[in-house]
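One file, protein.cif, is given below (mmCIF, C-alpha atoms).
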data_my_file
#
loop_
_atom_site.label_atom_id
_atom_site.label_comp_id
_atom_site.auth_asym_id
_atom_site.auth_seq_id
_atom_site.Cartn_x
_atom_site.Cartn_y
_atom_site.Cartn_z
CA MET A 113 108.39 95.66 119.09
CA LYS A 114 109.74 92.15 119.12
CA LYS A 115 110.31 90.35 115.85
CA GLU A 116 108.03 87.50 116.93
CA ASP A 117 105.15 89.89 117.51
CA PHE A 118 105.75 91.62 114.19
CA ILE A 119 105.72 88.27 112.40
CA LYS A 120 102.41 87.42 114.08
CA GLU A 121 101.02 90.72 112.79
CA LEU A 122 102.24 89.85 109.29
CA GLU A 123 100.47 86.51 109.51
CA GLU A 124 97.25 88.33 110.37
CA ILE A 125 97.68 90.82 107.53
CA PHE A 126 98.55 88.19 104.92
CA ILE A 127 95.92 85.80 106.32
CA VAL A 128 98.24 82.84 106.72
CA GLU A 129 98.19 80.36 109.58
CA HIS A 130 100.02 81.27 112.76
CA GLY A 131 103.49 79.77 112.86
CA THR A 132 103.79 79.81 109.06
CA LEU A 133 106.21 82.72 108.74
CA ARG A 134 109.85 82.88 109.74
CA GLU A 135 112.41 85.63 109.24
CA ASN A 136 113.73 83.88 106.17
CA SER A 137 110.30 83.19 104.67
CA LYS A 138 110.12 84.34 101.07
CA LEU A 139 107.31 86.76 100.32
CA LYS A 140 106.84 85.34 96.84
CA ASP A 141 105.68 82.11 98.46
CA ILE A 142 102.79 83.95 100.11
CA ASP A 143 99.85 85.08 98.03
CA ILE A 144 100.15 88.82 98.72
CA ASP A 145 97.48 90.65 96.75
CA SER A 146 97.14 94.43 96.56
CA THR A 147 94.69 94.49 99.46
CA SER A 148 97.10 92.59 101.71
CA MET A 149 99.82 95.00 100.65
CA LEU A 150 97.47 97.82 101.58
CA GLY A 151 96.97 96.20 104.98
CA LEU A 152 100.73 96.06 105.42
CA VAL A 153 101.09 99.75 104.56
CA ALA A 154 98.25 100.51 106.98
CA TYR A 155 100.03 98.65 109.74
CA LEU A 156 103.44 100.19 109.11
CA ALA A 157 102.03 103.72 108.81
CA GLY A 158 99.21 103.55 111.34
CA GLU A 159 100.63 101.33 114.07
CA LEU A 160 104.38 101.80 113.75
CA GLU A 161 104.02 105.40 112.48
CA LEU A 162 106.55 104.88 109.71
CA GLU A 163 106.78 106.85 106.48
CA VAL A 164 106.26 104.05 104.03
CA ASP A 165 108.03 103.89 100.67
CA THR A 166 105.99 101.37 98.71
CA ASP A 167 108.66 101.01 96.04
CA GLN A 168 111.07 99.82 98.75
CA LEU A 169 108.33 97.64 100.20
CA ARG A 170 107.79 95.94 96.86
CA LYS A 171 111.50 95.19 96.57
CA ALA A 172 111.44 93.23 99.84
CA GLU A 173 111.97 89.53 99.18
CA THR A 174 111.80 88.10 102.69
CA VAL A 175 110.23 88.82 106.07
CA ARG A 176 113.71 89.89 107.19
CA ASP A 177 113.69 92.56 104.46
CA LEU A 178 110.39 93.88 105.83
CA ILE A 179 111.85 94.05 109.32
CA ALA A 180 114.79 96.03 107.92
CA LEU A 181 112.34 98.65 106.62
CA THR A 182 110.97 99.40 110.08
CA ASP A 183 113.78 101.77 111.09
CA GLY A 184 114.67 99.70 114.12
CA LYS A 185 111.13 99.70 115.51
CA VAL A 186 111.09 95.92 115.19
CA GLN A 187 114.01 94.18 116.88
CA MET B 33 77.99 137.88 102.55
CA ASN B 34 78.64 134.27 103.53
CA GLY B 35 77.38 130.92 102.36
CA TYR B 36 75.95 128.15 104.48
CA ILE B 37 74.80 124.62 103.71
CA LYS B 38 71.02 124.54 103.72
CA GLN B 39 70.31 121.03 102.43
CA VAL B 40 72.21 117.95 101.25
CA GLU B 41 70.67 115.08 99.29
CA TYR B 42 72.01 112.07 97.44
CA ALA B 43 71.00 109.38 94.98
CA LEU B 44 72.33 105.86 94.51
CA PRO B 45 71.83 103.54 91.54
CA GLU B 46 69.33 100.76 92.17
CA ARG B 47 71.70 97.92 91.38
CA GLN B 48 73.84 96.76 94.27
CA VAL B 49 76.93 94.60 93.98
CA THR B 50 77.42 92.49 97.08
CA ASN B 51 80.59 90.91 98.40
CA GLU B 52 79.08 87.54 97.52
CA GLU B 53 78.97 88.52 93.85
CA ILE B 54 82.55 89.75 93.89
CA ALA B 55 83.81 86.72 95.79
CA ALA B 56 82.19 84.47 93.19
CA LEU B 57 84.60 85.89 90.59
CA ASN B 58 87.69 84.71 92.45
CA SER B 59 88.09 81.57 94.52
CA LYS B 60 90.79 83.22 96.66
CA TRP B 61 88.29 85.69 98.09
CA THR B 62 85.49 85.25 100.56
CA THR B 63 82.71 87.65 101.46
CA GLU B 64 84.14 87.91 104.97
CA LYS B 65 87.61 88.72 103.69
CA ILE B 66 86.32 91.51 101.47
CA LEU B 67 84.38 93.06 104.36
CA GLU B 68 87.31 92.70 106.73
CA LYS B 69 89.79 94.20 104.27
CA THR B 70 87.65 97.07 102.99
CA GLY B 71 84.88 97.76 105.50
CA ILE B 72 82.42 97.57 102.60
CA SER B 73 79.61 95.02 102.26
CA ARG B 74 77.98 96.38 99.10
CA ARG B 75 78.28 99.15 96.58
CA HIS B 76 75.78 100.64 94.14
CA VAL B 77 76.62 100.42 90.45
CA ALA B 78 74.98 102.40 87.66
CA ASP B 79 73.45 100.54 84.73
CA PRO B 80 74.95 101.22 81.30
CA GLN B 81 72.33 103.89 80.51
CA THR B 82 72.79 105.85 83.74
CA THR B 83 75.50 108.48 84.01
CA ALA B 84 76.96 110.51 86.83
CA SER B 85 74.86 113.47 85.74
CA ASP B 86 71.70 111.33 85.98
CA LEU B 87 72.57 110.52 89.60
CA ALA B 88 73.37 114.16 90.38
CA PHE B 89 70.09 115.13 88.71
CA GLN B 90 68.16 112.66 90.88
CA ALA B 91 69.80 114.10 94.00
CA ALA B 92 69.19 117.70 92.90
CA SER B 93 65.54 116.90 92.13
CA LYS B 94 65.02 116.23 95.84
CA ILE B 95 65.78 119.94 96.36
CA VAL B 96 64.97 121.88 93.19
CA GLY B 97 61.28 121.98 92.41
CA ARG B 98 60.40 120.85 95.92
CA SER B 99 61.71 123.07 98.71
CA VAL B 100 63.50 125.35 96.27
CA PRO B 101 62.01 127.03 93.16
CA PRO B 102 64.42 126.48 90.23
CA GLU B 103 64.33 130.15 89.28
CA THR B 104 66.06 131.06 92.57
CA VAL B 105 69.26 129.13 91.73
CA ASP B 106 71.94 131.35 90.15
CA LEU B 107 74.98 129.04 90.28
CA LEU B 108 75.37 125.36 89.40
CA VAL B 109 78.73 123.68 89.91
CA PHE B 110 79.22 120.03 89.00
CA CYS B 111 82.18 118.00 90.24
CA THR B 112 82.78 114.87 88.19
CA GLN B 113 85.43 112.73 86.57
CA SER B 114 82.72 110.86 84.65
CA PRO B 115 81.23 113.64 82.49
CA ASP B 116 78.54 112.80 79.96
CA TYR B 117 80.80 114.11 77.18
CA VAL B 118 84.24 115.63 76.76
CA LEU B 119 82.15 118.54 75.53
CA PRO B 120 79.68 120.14 76.15
CA THR B 121 79.96 120.89 79.85
CA THR B 122 77.70 118.53 81.78
CA ALA B 123 76.59 121.35 84.10
CA CYS B 124 74.92 123.00 81.09
CA ILE B 125 72.89 119.85 80.50
CA LEU B 126 71.95 119.76 84.19
CA GLN B 127 70.88 123.42 84.12
CA GLU B 128 68.40 122.66 81.38
CA ARG B 129 67.13 119.42 82.96
CA LEU B 130 66.58 121.09 86.33
CA GLY B 131 64.74 124.05 84.82
CA ILE B 132 67.21 126.51 86.28
CA PRO B 133 67.12 129.92 84.54
CA THR B 134 69.49 130.63 81.66
CA SER B 135 70.87 133.57 83.67
CA CYS B 136 72.59 131.05 85.96
CA ALA B 137 76.34 130.37 85.90
CA ALA B 138 77.12 126.69 85.37
CA PHE B 139 80.35 124.79 85.00
CA ASP B 140 82.05 121.47 85.72
CA PHE B 141 85.27 120.89 87.51
CA ASN B 142 87.34 117.73 87.47
CA GLN B 143 88.38 116.54 90.90
CA GLY B 144 87.99 113.21 92.63
CA CYS B 145 88.16 112.53 96.33
CA SER B 146 89.04 116.14 97.23
CA GLY B 147 86.23 117.42 95.01
CA TYR B 148 83.68 118.28 97.66
CA ILE B 149 86.18 120.47 99.53
CA TYR B 150 87.03 122.26 96.28
CA GLY B 151 83.34 122.66 95.46
CA LEU B 152 82.56 124.24 98.80
CA SER B 153 85.48 126.61 98.31
CA ILE B 154 84.39 127.64 94.81
CA VAL B 155 80.81 128.30 95.89
CA GLN B 156 81.78 130.13 99.08
CA SER B 157 84.22 132.29 97.10
CA MET B 158 81.58 133.23 94.52
CA ILE B 159 79.07 134.03 97.24
CA ARG B 160 81.58 136.20 99.07
CA ALA B 161 82.37 137.96 95.80
CA GLY B 162 78.69 138.78 95.43
CA GLN B 163 78.32 136.57 92.34
CA SER B 164 75.79 134.14 93.76
CA ARG B 165 73.02 134.09 96.33
CA ARG B 166 71.85 130.51 95.94
CA ALA B 167 74.10 127.77 94.59
CA LEU B 168 73.78 124.11 93.82
CA LEU B 169 76.97 122.12 94.32
CA LEU B 170 76.53 118.78 92.60
CA THR B 171 78.84 115.78 92.66
CA GLY B 172 78.45 112.67 90.54
CA GLU B 173 80.68 109.72 89.84
CA THR B 174 80.43 106.43 88.00
CA TYR B 175 83.91 104.91 88.24
CA SER B 176 82.23 101.57 87.56
CA LYS B 177 82.19 102.51 83.87
CA TRP B 178 86.01 102.51 83.79
CA MET B 179 86.49 99.42 85.97
CA ASP B 180 87.31 95.85 85.12
CA PRO B 181 84.84 93.98 87.39
CA ALA B 182 87.48 91.29 87.92
CA ASP B 183 90.07 93.81 89.19
CA PHE B 184 89.55 93.31 92.88
CA SER B 185 91.66 96.27 93.91
CA VAL B 186 89.00 98.61 92.51
CA ALA B 187 85.85 96.47 92.19
CA THR B 188 85.72 95.88 95.94
CA ILE B 189 86.17 99.56 96.78
CA PHE B 190 84.33 101.89 94.43
CA GLY B 191 80.61 102.60 94.16
CA ASP B 192 78.60 105.08 92.09
CA ALA B 193 76.53 107.96 93.46
CA GLY B 194 75.38 111.52 92.97
CA THR B 195 74.80 114.29 95.50
CA ALA B 196 73.37 117.79 95.65
CA THR B 197 74.20 120.48 98.20
CA LEU B 198 72.17 123.67 98.38
CA ILE B 199 74.23 126.59 99.59
CA ASP B 200 72.48 129.85 100.39
CA ALA B 201 74.00 133.28 100.93
CA GLU B 202 73.29 135.28 104.02
CA GLU B 203 74.19 138.78 105.21
CA ASN B 204 76.31 137.51 108.04
CA GLU B 205 79.89 138.02 109.11
CA THR B 206 80.08 134.47 110.48
CA ALA B 207 81.77 132.08 108.07
CA PHE B 208 79.84 128.83 108.07
CA ILE B 209 82.06 127.44 105.31
CA GLY B 210 85.85 127.75 105.58
CA PRO B 211 88.69 128.32 106.06
CA PHE B 212 90.34 125.91 103.67
CA ILE B 213 93.67 124.25 103.13
CA TYR B 214 94.78 122.50 99.93
CA GLY B 215 97.54 120.31 98.61
CA THR B 216 98.58 118.97 95.22
CA ASP B 217 101.29 116.56 94.09
CA GLY B 218 101.06 115.63 90.43
CA SER B 219 103.92 113.15 90.77
CA GLY B 220 101.19 110.74 91.91
CA ALA B 221 99.07 111.17 88.78
CA ASP B 222 99.94 107.69 87.55
CA ARG B 223 98.82 105.98 90.77
CA LEU B 224 95.08 106.30 90.05
CA ILE B 225 94.40 106.76 86.39
CA VAL B 226 92.24 105.78 83.43
CA GLY B 227 94.48 105.50 80.37
CA GLY B 228 93.15 106.76 77.05
CA SER B 229 90.30 108.64 78.69
CA GLY B 230 91.33 112.02 77.32
CA ALA B 231 93.32 113.50 74.47
CA ARG B 232 96.58 111.72 75.30
CA ALA B 233 97.03 108.52 73.30
CA MET B 234 97.79 105.41 75.31
CA GLU B 235 100.74 104.39 73.12
CA ASN B 236 104.00 105.23 74.91
CA ASP B 237 102.17 107.25 77.57
CA PRO B 238 104.68 107.33 80.44
CA CYS B 239 101.82 107.81 82.89
CA LEU B 240 100.67 104.26 82.15
CA GLY B 241 104.07 102.69 82.79
CA ARG B 242 103.13 101.36 86.22
CA ILE B 243 100.18 99.38 84.95
CA PRO B 244 100.97 95.64 84.92
CA GLU B 245 101.39 94.04 81.49
CA ASP B 246 98.39 91.78 81.96
CA MET B 247 96.03 94.67 82.75
CA ASP B 248 93.95 96.61 80.25
CA LYS B 249 95.56 100.04 80.17
CA GLY B 250 92.24 101.66 79.24
CA LYS B 251 90.65 100.67 82.53
CA LEU B 252 90.80 102.25 85.95
CA PHE B 253 94.17 101.48 87.52
CA MET B 254 94.82 102.06 91.20
CA ASP B 255 98.03 101.57 93.13
CA GLY B 256 96.18 101.28 96.44
CA PRO B 257 99.19 100.77 98.71
CA GLU B 258 101.01 103.83 97.37
CA ILE B 259 97.90 106.00 97.59
CA PHE B 260 97.54 104.80 101.15
CA ALA B 261 101.16 105.65 101.88
CA PHE B 262 100.76 109.12 100.31
CA THR B 263 97.70 109.76 102.45
CA THR B 264 99.39 108.80 105.68
CA ARG B 265 102.39 110.96 104.70
CA LYS B 266 100.41 114.06 103.75
CA ILE B 267 97.12 114.27 105.62
CA PRO B 268 98.35 114.30 109.24
CA SER B 269 100.87 117.08 108.50
CA THR B 270 98.29 119.03 106.49
CA LEU B 271 95.76 118.89 109.32
CA LYS B 272 98.40 119.84 111.85
CA LYS B 273 99.26 122.90 109.75
CA PHE B 274 95.58 123.75 109.31
CA LEU B 275 94.93 123.57 113.05
CA ASN B 276 98.07 125.57 113.91
CA GLU B 277 97.32 128.30 111.38
CA ASN B 278 93.88 128.78 112.89
CA GLN B 279 94.95 128.25 116.49
CA TRP B 280 92.66 125.27 116.85
CA THR B 281 92.99 121.79 118.25
CA MET B 282 90.88 118.73 117.50
CA ASP B 283 88.81 119.78 120.53
CA ASP B 284 87.48 122.66 118.42
CA PHE B 285 85.57 120.17 116.25
CA ASP B 286 82.52 118.11 117.07
CA TYR B 287 82.97 115.75 114.12
CA VAL B 288 85.69 114.81 111.68
CA ILE B 289 84.64 113.47 108.30
CA PHE B 290 87.35 111.97 106.15
CA HIS B 291 86.75 111.00 102.57
CA GLN B 292 85.59 107.38 102.90
CA ALA B 293 88.39 105.68 101.01
CA ASN B 294 88.54 102.39 102.85
CA LYS B 295 88.41 101.17 106.42
CA PHE B 296 92.18 100.80 106.90
CA MET B 297 92.86 104.30 105.71
CA ILE B 298 90.27 105.97 107.91
CA TYR B 299 91.36 104.18 111.06
CA SER B 300 95.04 104.77 110.35
CA LEU B 301 94.36 108.48 109.86
CA ARG B 302 92.34 108.58 113.06
CA LYS B 303 95.30 107.20 114.95
CA LEU B 304 97.90 109.38 113.24
CA CYS B 305 95.81 112.53 113.67
CA ARG B 306 94.94 111.69 117.29
CA ILE B 307 91.20 111.86 116.74
CA THR B 308 88.91 110.37 119.36
CA GLU B 309 86.62 107.62 118.17
CA VAL B 310 83.41 109.47 119.01
CA LYS B 311 84.27 112.35 116.67
CA LEU B 312 85.14 110.24 113.66
CA ILE B 313 82.30 109.46 111.30
CA VAL B 314 82.62 106.25 109.30
CA ASP B 315 79.85 105.36 106.86
CA MET B 316 80.90 103.33 103.87
CA GLU B 317 79.67 99.80 104.43
CA ARG B 318 76.59 100.11 102.21
CA THR B 319 77.95 102.49 99.57
CA GLY B 320 81.72 101.97 99.28
CA ASN B 321 84.10 104.66 98.12
CA THR B 322 81.95 106.96 96.00
CA VAL B 323 84.81 109.43 95.36
CA SER B 324 83.63 113.07 95.64
CA ASN B 325 80.25 111.88 96.96
CA THR B 326 81.38 110.31 100.24
CA ILE B 327 81.45 113.46 102.37
CA PRO B 328 78.06 114.88 101.28
CA ILE B 329 76.47 111.42 101.66
CA ILE B 330 77.61 111.40 105.28
CA LEU B 331 76.37 114.96 105.84
CA SER B 332 72.97 114.01 104.43
CA ASP B 333 72.75 110.89 106.60
CA MET B 334 73.85 112.79 109.72
CA LYS B 335 71.17 115.38 109.07
CA GLY B 336 68.56 112.71 108.28
CA ASN B 337 69.41 110.82 111.47
CA HIS B 338 69.20 114.03 113.54
CA VAL B 339 72.87 113.74 114.49
CA LEU B 340 73.79 117.18 113.17
CA GLN B 341 72.70 120.06 115.33
CA SER B 342 72.86 123.77 114.75
CA GLY B 343 76.29 125.07 115.72
CA ASP B 344 78.10 121.76 115.21
CA ARG B 345 81.65 122.30 113.95
CA LEU B 346 82.88 119.81 111.38
CA LEU B 347 86.29 119.16 109.88
CA LEU B 348 85.96 117.83 106.34
CA VAL B 349 88.97 116.19 104.69
CA GLY B 350 89.26 114.95 101.10
CA PHE B 351 92.26 113.23 99.49
CA GLY B 352 93.15 110.97 96.61
CA VAL B 353 93.40 110.96 92.84
CA GLY B 354 95.82 113.55 91.49
CA TYR B 355 97.26 113.50 94.08
CA SER B 356 94.98 116.17 95.40
CA TRP B 357 93.90 116.88 98.94
CA GLY B 358 92.09 119.51 100.92
CA ALA B 359 90.33 120.22 104.18
CA CYS B 360 87.95 122.79 105.53
CA ARG B 361 85.85 123.65 108.52
CA ILE B 362 82.11 124.02 108.26
CA VAL B 363 79.66 125.06 110.93
CA TRP B 364 76.20 123.58 110.63
CA LYS B 365 73.63 126.36 110.66
#

How does this structure look as structure tokens?
Amino acid sequence: MKKEDFIKELEEIFIVEHGTLRENSKLKDIDIDSTSMLGLVAYLAGELELEVDTDQLRKAETVRDLIALTDGKVQ
Amino acid sequence: MNGYIKQVEYALPERQVTNEEIAALNSKWTTEKILEKTGISRRHVADPQTTASDLAFQAASKIVGRSVPPETVDLLVFCTQSPDYVLPTTACILQERLGIPTSCAAFDFNQGCSGYIYGLSIVQSMIRAGQSRRALLLTGETYSKWMDPADFSVATIFGDAGTATLIDAEENETAFIGPFIYGTDGSGADRLIVGGSGARAMENDPCLGRIPEDMDKGKLFMDGPEIFAFTTRKIPSTLKKFLNENQWTMDDFDYVIFHQANKFMIYSLRKLCRITEVKLIVDMERTGNTVSNTIPIILSDMKGNHVLQSGDRLLLVGFGVGYSWGACRIVWK
């Protein structure tokens, strides 16, 4: 999957306007509640078929960090 | 001797909490967002005087004393994590309320979302052992009593309910209930927990270490994302093993009923387990996640809507708090 498409998916999951997120966007600047986090896990596990480590996920500070957790499935 | 499910009934509290009510508690949320994120539009919540056993009693009363004389029931099993008391056993109270004879065996067991699978296994085992000919498997849950209504991670998801399943024995070699597969991983005990709800004091309880500082540690805490991740890690491999052990494929089932945790989880599992859309039953919009009640509620609705037909093969899958998970096959008689 291309990074641009992944970022669009993140915008859907976090319910932010399209074009808001960049690779260097800081996750703390987005209002990510537990349900949005759940949506992210659902996407990573269900769509990308990744084994998700939520402790690692919570340590992610930027969109780039999230991409790094996708085991090369997002490039 | 084998058991089969003869009747399934359920009861819901009168009071319903809508997404509008929940959204009114937090300006960041809208009714649409709650529905989109959870797949739930309302959930039933017990009033302060109503317990899980009251709901199970209401459900059982649709069977016992109507189509079934109470004196014919010889086993009563009650699955709950919201017992009336630490002691006595709530099943004993239900035996008396339902007018079931004192010669009956009655006990509670504490399981959550895997509870219905465990209950079917317990009853089927006792029937096969010749210890029961007619059993009532009851489930009842009122998580609302442990919830902070302002904690959206749980208030949007959980609803209260009670169910009753009548299981009769029959001289038949065909197994209508089973086989089963189980799983347990207590390392996840702190991911869905009510602190201070048992004998362990809350002070310095390591199991409560994940709860945020600003949350009441005596309320229901759920780490939804991690429970989701655990489910997607464990359930597909468990079902694959279950199918392989029995030389089945998903084509050997007419319906698959997952515990109705939330919309995301069910659809992710469907994809990961390669289940066709027509086989997957989803029914949580008007009741929410009612813990051990979700699977029997669906069975009752399928029967009531004439969806279930004799000979239908169903795969039932429960998972959650514990962590605990289990699956079984049933054949509708």

Would you compute, for all listed atoms of region 177-183 of chain B, the axis-aligned bounding box grown by 4 Å on each side, and then report its centre and edge lengths in Å rounded to one decimal, as lines of an AutoDock Vina configuration file?
center_x = 86.1
center_y = 96.9
center_z = 86.5
size_x = 15.9
size_y = 19.2
size_z = 13.4

> Exactly which residues make up the result of the PyMOL selection byres ((chain A) within 12 of (chain B)) on this file, given as a ChimeraX atom specification?
Replying inline: /A:124-127,143-170

>> I need the output of the PyMOL selection byres ((chain B and resi 323) around 6) for this file as a PyMOL selection string; which residues are they?
In response: chain B and resi 144-145+321-322+324-325

Can you translate the PyMOL selection byres ((chain A and resi 131) around 12) into the concrete residues it hits in this file, as a PDB file with C-alpha atoms, in the frame of the given file?
ATOM      1  CA  GLU A 116     108.030  87.500 116.930  1.00  0.00           C
ATOM      2  CA  ASP A 117     105.150  89.890 117.510  1.00  0.00           C
ATOM      3  CA  ILE A 119     105.720  88.270 112.400  1.00  0.00           C
ATOM      4  CA  LYS A 120     102.410  87.420 114.080  1.00  0.00           C
ATOM      5  CA  GLU A 121     101.020  90.720 112.790  1.00  0.00           C
ATOM      6  CA  LEU A 122     102.240  89.850 109.290  1.00  0.00           C
ATOM      7  CA  GLU A 123     100.470  86.510 109.510  1.00  0.00           C
ATOM      8  CA  GLU A 124      97.250  88.330 110.370  1.00  0.00           C
ATOM      9  CA  ILE A 127      95.920  85.800 106.320  1.00  0.00           C
ATOM     10  CA  VAL A 128      98.240  82.840 106.720  1.00  0.00           C
ATOM     11  CA  GLU A 129      98.190  80.360 109.580  1.00  0.00           C
ATOM     12  CA  HIS A 130     100.020  81.270 112.760  1.00  0.00           C
ATOM     13  CA  THR A 132     103.790  79.810 109.060  1.00  0.00           C
ATOM     14  CA  LEU A 133     106.210  82.720 108.740  1.00  0.00           C
ATOM     15  CA  ARG A 134     109.850  82.880 109.740  1.00  0.00           C
ATOM     16  CA  GLU A 135     112.410  85.630 109.240  1.00  0.00           C
ATOM     17  CA  SER A 137     110.300  83.190 104.670  1.00  0.00           C
TER      18      SER A 137
END

> Skipping near chain neighbours, those fewer than 5 positions away, what residues fall within 9 Å of Lys272 (chain B) using only C-alpha atoms, listed as a list in words?
Replying inline: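 Here the qualifying residues turn out to be Ile267, Glu277, Thr281 and Cys305 of chain B.
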
Neighbourhood query: residues within 12 Å of (75.3, 112.9, 87.7), file coordinates, counting only C-alpha atoms; return as a short mmCIF file (atom, residue, chain, number, x, y, z; two decimals) with C-alpha atoms, in the coordinates of the input.
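What landed in part.cif:
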data_model
loop_
_atom_site.label_atom_id
_atom_site.label_comp_id
_atom_site.auth_asym_id
_atom_site.auth_seq_id
_atom_site.Cartn_x
_atom_site.Cartn_y
_atom_site.Cartn_z
CA TYR B 42 72.01 112.07 97.44
CA ALA B 43 71.00 109.38 94.98
CA LEU B 44 72.33 105.86 94.51
CA PRO B 45 71.83 103.54 91.54
CA ALA B 78 74.98 102.40 87.66
CA GLN B 81 72.33 103.89 80.51
CA THR B 82 72.79 105.85 83.74
CA THR B 83 75.50 108.48 84.01
CA ALA B 84 76.96 110.51 86.83
CA SER B 85 74.86 113.47 85.74
CA ASP B 86 71.70 111.33 85.98
CA LEU B 87 72.57 110.52 89.60
CA ALA B 88 73.37 114.16 90.38
CA PHE B 89 70.09 115.13 88.71
CA GLN B 90 68.16 112.66 90.88
CA ALA B 91 69.80 114.10 94.00
CA ALA B 92 69.19 117.70 92.90
CA SER B 93 65.54 116.90 92.13
CA VAL B 109 78.73 123.68 89.91
CA PHE B 110 79.22 120.03 89.00
CA CYS B 111 82.18 118.00 90.24
CA THR B 112 82.78 114.87 88.19
CA GLN B 113 85.43 112.73 86.57
CA SER B 114 82.72 110.86 84.65
CA PRO B 115 81.23 113.64 82.49
CA ASP B 116 78.54 112.80 79.96
CA TYR B 117 80.80 114.11 77.18
CA THR B 122 77.70 118.53 81.78
CA ALA B 123 76.59 121.35 84.10
CA ILE B 125 72.89 119.85 80.50
CA LEU B 126 71.95 119.76 84.19
CA GLN B 127 70.88 123.42 84.12
CA ARG B 129 67.13 119.42 82.96
CA ASP B 140 82.05 121.47 85.72
CA LEU B 169 76.97 122.12 94.32
CA LEU B 170 76.53 118.78 92.60
CA THR B 171 78.84 115.78 92.66
CA GLY B 172 78.45 112.67 90.54
CA GLU B 173 80.68 109.72 89.84
CA THR B 174 80.43 106.43 88.00
CA TYR B 175 83.91 104.91 88.24
CA ASP B 192 78.60 105.08 92.09
CA ALA B 193 76.53 107.96 93.46
CA GLY B 194 75.38 111.52 92.97
CA THR B 195 74.80 114.29 95.50
CA ALA B 196 73.37 117.79 95.65
CA SER B 324 83.63 113.07 95.64
CA ASN B 325 80.25 111.88 96.96
#

>> Which residues are close to Asp183 (chain B), i.e. within 10 Å by all atoms listed in the file, leaving aside same-chain residues fewer than 6 positions away? Reply as a ChimeraX atom specification.
In response: /B:54,57-58,247,251-254

> Around (68.9, 125.8, 94.7) in the file's own coordinates, what residues are found within 8 Å if you use all atoms listed in the file, given back as a list in words?
Replying inline: Ile95, Val96, Val100, Pro101, Pro102, Thr104, Val105, Asp106, Arg166, Ala167, Leu168, Leu198, Ile199 and Asp200 of chain B

> What does the distance from CA of Leu119 (chain B) to CA of Thr134 (chain B) come to in Å, to one decimal?
Replying inline: 18.5 Å

> So which residues touch Ile213 (chain B) within 9 Å, counting only C-alpha atoms, skipping near sequence neighbours fewer than 6 positions away, as a PyMOL selection string?
Replying inline: chain B and resi 270-271+273-274+357-360

> Separation of CA of Pro244 (chain B) and CA of Asp180 (chain B), in Å?
Replying inline: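 Taking CA of Pro244 (chain B) as the start and CA of Asp180 (chain B) as the end point, the length is 13.7 Å.
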
> Between B:Asn278, B:Arg306, B:Thr50, B:Ala201, which is the closest to Ile159 (chain B) once you count all atoms listed in the file?
Replying inline: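 Among B:Asn278, B:Arg306, B:Thr50, B:Ala201, it is B:Ala201 that comes nearest to Ile159 (chain B).
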
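In terms of minimum interatomic distance to Phe118 (chain A), A:Val186 ranks closest within A:Val186, A:Asn136, A:Ala172, A:Ile142, counting only C-alpha atoms.
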
> Do you have the CA of Tyr36 (chain B)-CA of Lys365 (chain B) distance handy?
Replying inline: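 Separation between CA of Tyr36 (chain B) and CA of Lys365 (chain B): 6.8 Å.
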
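Around region 331-348 of chain B, within 8 Å and counting all atoms listed in the file, the residues found are Gln39, Val40, Glu41, Tyr42, Ile149, Asp284, Phe285, Asp286, Tyr287, Val288, Ile289, Phe290, His291, Ile327, Ala359, Cys360, Arg361, Ile362, Val363, Trp364 and Lys365 of chain B, once anything fewer than 4 positions away on its own chain is removed.
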
Neighbouring residues of Gly354 (chain B) were defined as those with any atom within 9 Å, considering all atoms listed in the file; residues of the same chain fewer than 4 positions away were excluded. Please report them as a short mmCIF file (atom, residue, chain, number, x, y, z; two decimals) with C-alpha atoms, keeping the file's coordinate frame.
data_model
loop_
_atom_site.label_atom_id
_atom_site.label_comp_id
_atom_site.auth_asym_id
_atom_site.auth_seq_id
_atom_site.Cartn_x
_atom_site.Cartn_y
_atom_site.Cartn_z
CA GLN B 143 88.38 116.54 90.90
CA GLY B 144 87.99 113.21 92.63
CA THR B 216 98.58 118.97 95.22
CA ASP B 217 101.29 116.56 94.09
CA GLY B 218 101.06 115.63 90.43
CA SER B 219 103.92 113.15 90.77
CA GLY B 220 101.19 110.74 91.91
CA ALA B 221 99.07 111.17 88.78
CA ASP B 222 99.94 107.69 87.55
CA ARG B 223 98.82 105.98 90.77
CA LEU B 224 95.08 106.30 90.05
CA ILE B 225 94.40 106.76 86.39
#
